[in-house]
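Presented below is the structure to which this report refers.
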Amino acid sequence: MLWGGPAWAATTGTTLDVAARPVGPAGYRRLQAGPGWPVVVRSDLAPPQGGRADRRVPLACFVQFSDMHVVDAQSPARFEYTHPLLGAGAFRAHETLAQHTSTALVRKVNDIRNGPFSGRPVDFVMTTGDNTDNHELVELDWFLTVLNGGRITADTGDAGRYEGVQDSGVASYWNPHRTTPDDYKAKGFPVVPGLLDAARRPFDSPGLRIPWYSTFGNHDDSVVGSLPDGIPFIDALYTGDRKIFGFDPAAADVIGRALRDPAYVPDALALLASGAGLVRTVTPDPRRRPFSTGEFVRAHLDPRNTGPGPVGHGFTQDNADGVDVFYTFRIAPGVTGVSLDTTTDAGFAEGSIGLHQYLWLEKVLKRNSSRYFDAFGFQRRQDVTDELFVLFSHHTSWTMTNVLPDRRRPLDPRLTGDALVDLLQRFPNVVAWVNGHTHENRIVPHGTGDRAFWEINTAAHVDHPQHARVVELVDNADGTLSLFTTLVEGDAPYQAGYDDPTPSGLASLAREFAFNDPHADPAAVGAVTDRNTELVVAGRAPVR
């Protein structure tokens with residue numbers, strides 16, 4: 001059901017008002033401002049009642065960032081040559097501008113301030129993992145600076161020149177400053193002589209003006225999000241002077257498959273260790289060293305990185321050893337947030353949840369649920385204070401299929417997304433599970449009646465369509481709750497000159513290049529039912 005929203009809905013600055021639209025029907029296309037997207041009322045889990053807009057009581061409002069992939073595009077520990085097989089995760093035409101894209105979204109969130117439907121001030125921002133691209137210390141520093149504010153120089157190695165694949169002359173990459181042909185120019189990508197230099201110049205992020213929280217993703221703990229740390233010659237690539245620009249197609253295919261299939265790992269490691277392939281000598285940089293899970297947490301706890309708060313951005317000293325990087329936090333009176341760690345450092349991109357964390361989550365939910373269902377389906381009641389729960393994780397229910405043991409708890413059995421869904425359906429106070437990883441917009445209902453919740457999956461900042469999402473939780477005072485989900489785009493013009501070196505101009509070009517990237521998925525924007533929505537769910541805890 002489409003709904004234009006009440007007359008007081010504040011649409012300005014969101015995709016309710018205007019959204020990017022390509023110019024022309026096909027080929028390489030520039031972008032322009034197009035009409036905003038409607039609100040779709042989804043009644044999959046509960047029927048919407050008339051007059052609820054007049055009764056509505058705001059409970060919480062937050063913004064989701066996801067899959068920022070702050071990237072050191074010149075790092076020797078990247079496998080760009082696998083992109084014909086793996087797609088955008090290996091090489092992106094716009095990857096030197098990832099920091100500009102996320103900074104543009106920071107500026108937008110600072111301008112929005114209030115939820116468009118509840119009018120409630122935005123309580124916080126949560127970033128749901130893959131904050132960095134290849135878990136390098138320098139990427140972690142840039143990520144924290146984007147959100148907290150400060151100067152960023154997105155450059156490593158030789159401070160006087162770019163040393164990544166985009167000036168290699170290799171035709172499988174976009175070489176923006178060269179007039180020589182490549183696979184991207186054949187698809188209409190322009191020659192932009194100053195792009196790589198502009199991307200490396202210092203620029204400032206204003207930082208968020210509201211508290212923000214952090215959730216861990218697989219790219220934050222694994223080599224390119226897929227290989228475990230501890231393989232000596234791969235770990236040495238990070239800070240070494242040897243960068244592989246290409247392999248022959250057969251070898252690149254083996255290495256690419258190894259990032260998804262354990263059967264190919266031995267052959268891939270042998271190829272990487274052989275010294276074969278197209279190799280360049282680059283300037284080593286110690287800032288490229290990969291960080292551990294504990295170092296990720298401790299960087300958040302460092303007082304220098306507090307920014308708008310809170311201290312630790314959700315993490316506490318209990319998480320500082322990097323073993324258990326999950327936590328709870330207060331969203332608003334009567335609403336609790338739960339940040340989960342669905343990664344495993346055994347390698348490969350998909351996720352799961354360890355039994356230890358699963359049992360911890362069960363206790364958290366039980367502690368503030370006066371009514372719930374046990375593992376056998378029997379209803380239980382207890383005299384406790386009810387809370388509504390919103391969960392956050394990197395992986396979705398359908399991407400939690402990797403049950404390889406995690407070295408942080410090697411004897412802990414790993415459980416799939418189906419097991420987690422079953423657990424959440426036992427607790428009627430769970431209203432939503434918010435996540436990323438897929439780089440697409442998708443909203444999925446789970447369960448029926450009061451044993452139901454919404455799974456809200458939001459696209460990546462680094463890839464098309466580069467959205468963040470405002471989520472508002474309201475009590476309709478009629479036995480139902482509503483979750484409003486509104487997508488927002490970065491604060492950058494829809495079209496900029498190719499000679500525009502300003503941060504907003506580069507963010508605009510990043511959006512255009514991401515849209516036209518040969519690996520871009522046009523469907524990642526989602527159906528209209530996955531974008532701006534009102535998600536109705538049966539009422540749970542009383543309003544406080």
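Residue numbers start at 1 in each chain; chains themselves are named A, B, ... in the order of the structure tokens; ligands are numbered from 1 in the order shown.
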
Selection: 9 Å around stretch 203-213 of chain A, only C-alpha atoms, excl. self and same-chain fewer than 3 positions, as a PyMOL selection string: chain A and resi 100+103-104+106-107+109-110+113+122-128+145-154+200+307-310+312-315+339+502-503

For A:Val474, list every protein, DNA or RNA residue within 8 Å, evaluated using only C-alpha atoms, and leave out those in the same chain fewer than 4 positions away; present the list as a tab-separated table (two decimals) with C-alpha atoms, in the first residue's frame.
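This is the output file result-v3.tsv:
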```
chain	number	residue	atom	x	y	z
A	56	ARG	CA	1.55	8.09	17.30
A	57	VAL	CA	4.12	8.34	20.14
A	58	PRO	CA	7.81	8.48	19.08
A	59	LEU	CA	10.01	5.95	20.87
A	60	ALA	CA	13.37	6.10	19.08
A	118	SER	CA	8.14	11.14	14.21
A	481	LEU	CA	4.12	-0.38	16.53
A	482	SER	CA	5.52	1.08	13.32
A	483	LEU	CA	9.08	1.25	12.06
```

Can you tell me, as a PyMOL selection string, which residues in stretch 347-476 of chain A count as strand (DSSP E) by DSSP? chain A and resi 353-354+371-373+379-381+388-392+414-415+430-435+442-448+451-457+468-475

Requested write-out: C-alpha atoms of the selected residues, as an mmCIF file, in the first residue's frame:
```
data_model
loop_
_atom_site.group_PDB
_atom_site.id
_atom_site.type_symbol
_atom_site.label_atom_id
_atom_site.label_comp_id
_atom_site.auth_asym_id
_atom_site.auth_seq_id
_atom_site.Cartn_x
_atom_site.Cartn_y
_atom_site.Cartn_z
ATOM 1 C CA ILE A 353 27.058 -16.848 15.606
ATOM 2 C CA GLY A 354 28.926 -18.794 18.267
ATOM 3 C CA ARG A 371 6.514 -12.979 28.341
ATOM 4 C CA TYR A 372 8.526 -15.214 26.021
ATOM 5 C CA PHE A 373 8.599 -18.745 24.610
ATOM 6 C CA GLN A 379 4.968 -19.670 26.827
ATOM 7 C CA ARG A 380 6.720 -18.403 29.941
ATOM 8 C CA ARG A 381 5.890 -15.403 32.111
ATOM 9 C CA LEU A 388 11.740 -3.398 23.252
ATOM 10 C CA PHE A 389 14.795 -4.781 21.450
ATOM 11 C CA VAL A 390 16.465 -3.707 18.206
ATOM 12 C CA LEU A 391 19.380 -5.900 17.116
ATOM 13 C CA PHE A 392 22.305 -4.912 14.915
ATOM 14 C CA ARG A 414 28.815 -22.011 15.288
ATOM 15 C CA LEU A 415 25.120 -21.531 14.507
ATOM 16 C CA VAL A 430 12.169 -8.083 19.544
ATOM 17 C CA VAL A 431 10.890 -5.697 16.889
ATOM 18 C CA ALA A 432 13.759 -5.391 14.393
ATOM 19 C CA TRP A 433 17.108 -6.780 13.280
ATOM 20 C CA VAL A 434 19.160 -4.226 11.309
ATOM 21 C CA ASN A 435 22.136 -5.372 9.211
ATOM 22 C CA ARG A 442 16.014 -5.443 1.381
ATOM 23 C CA ILE A 443 13.384 -5.735 4.117
ATOM 24 C CA VAL A 444 12.218 -9.193 5.206
ATOM 25 C CA PRO A 445 9.377 -10.118 7.603
ATOM 26 C CA HIS A 446 9.884 -13.028 9.993
ATOM 27 C CA GLY A 447 7.207 -14.921 11.915
ATOM 28 C CA THR A 448 3.544 -14.266 12.588
ATOM 29 C CA ARG A 451 6.212 -13.809 17.472
ATOM 30 C CA ALA A 452 7.411 -11.700 14.581
ATOM 31 C CA PHE A 453 9.974 -9.042 13.730
ATOM 32 C CA TRP A 454 11.364 -7.135 10.737
ATOM 33 C CA GLU A 455 14.827 -7.682 9.262
ATOM 34 C CA ILE A 456 16.076 -4.417 7.735
ATOM 35 C CA ASN A 457 19.043 -4.769 5.381
ATOM 36 C CA ALA A 468 22.154 5.317 4.639
ATOM 37 C CA ARG A 469 18.819 4.664 6.353
ATOM 38 C CA VAL A 470 16.828 6.587 8.969
ATOM 39 C CA VAL A 471 14.788 4.243 11.190
ATOM 40 C CA GLU A 472 12.045 5.583 13.468
ATOM 41 C CA LEU A 473 10.215 3.443 16.012
ATOM 42 C CA VAL A 474 6.785 4.689 17.096
ATOM 43 C CA ASP A 475 3.920 3.368 19.203
#
```

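Residues in contact with A:Thr438 at up to 10 Å, not including ones fewer than 3 positions away on its chain and judged by only C-alpha atoms, are Ser66, Asp67, Glu350, His394, His395, Thr396, Trp398, Thr399, Asn435, Asn441, Arg442, Asn457, Thr458, Ala459, Ala460 and Ala524 of chain A.
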
Extract, using only C-alpha atoms, all DNA, RNA and protein residues at most 6 Å from stretch 72-82 of chain A, discarding same-chain residues fewer than 5 positions from it, and format them as a VMD selection string. chain A and resid 90 to 91 96 163 to 164 237 to 238 243 246 252 256

A:Leu404: which residues within 9 Å, counting only C-alpha atoms, same-chain residues fewer than 3 positions away excluded, as a PyMOL selection string? chain A and resi 344-347+352+413-414

How many Å separate atom CA of A:Gln495 from atom CA of A:Asp197? 20.0 Å
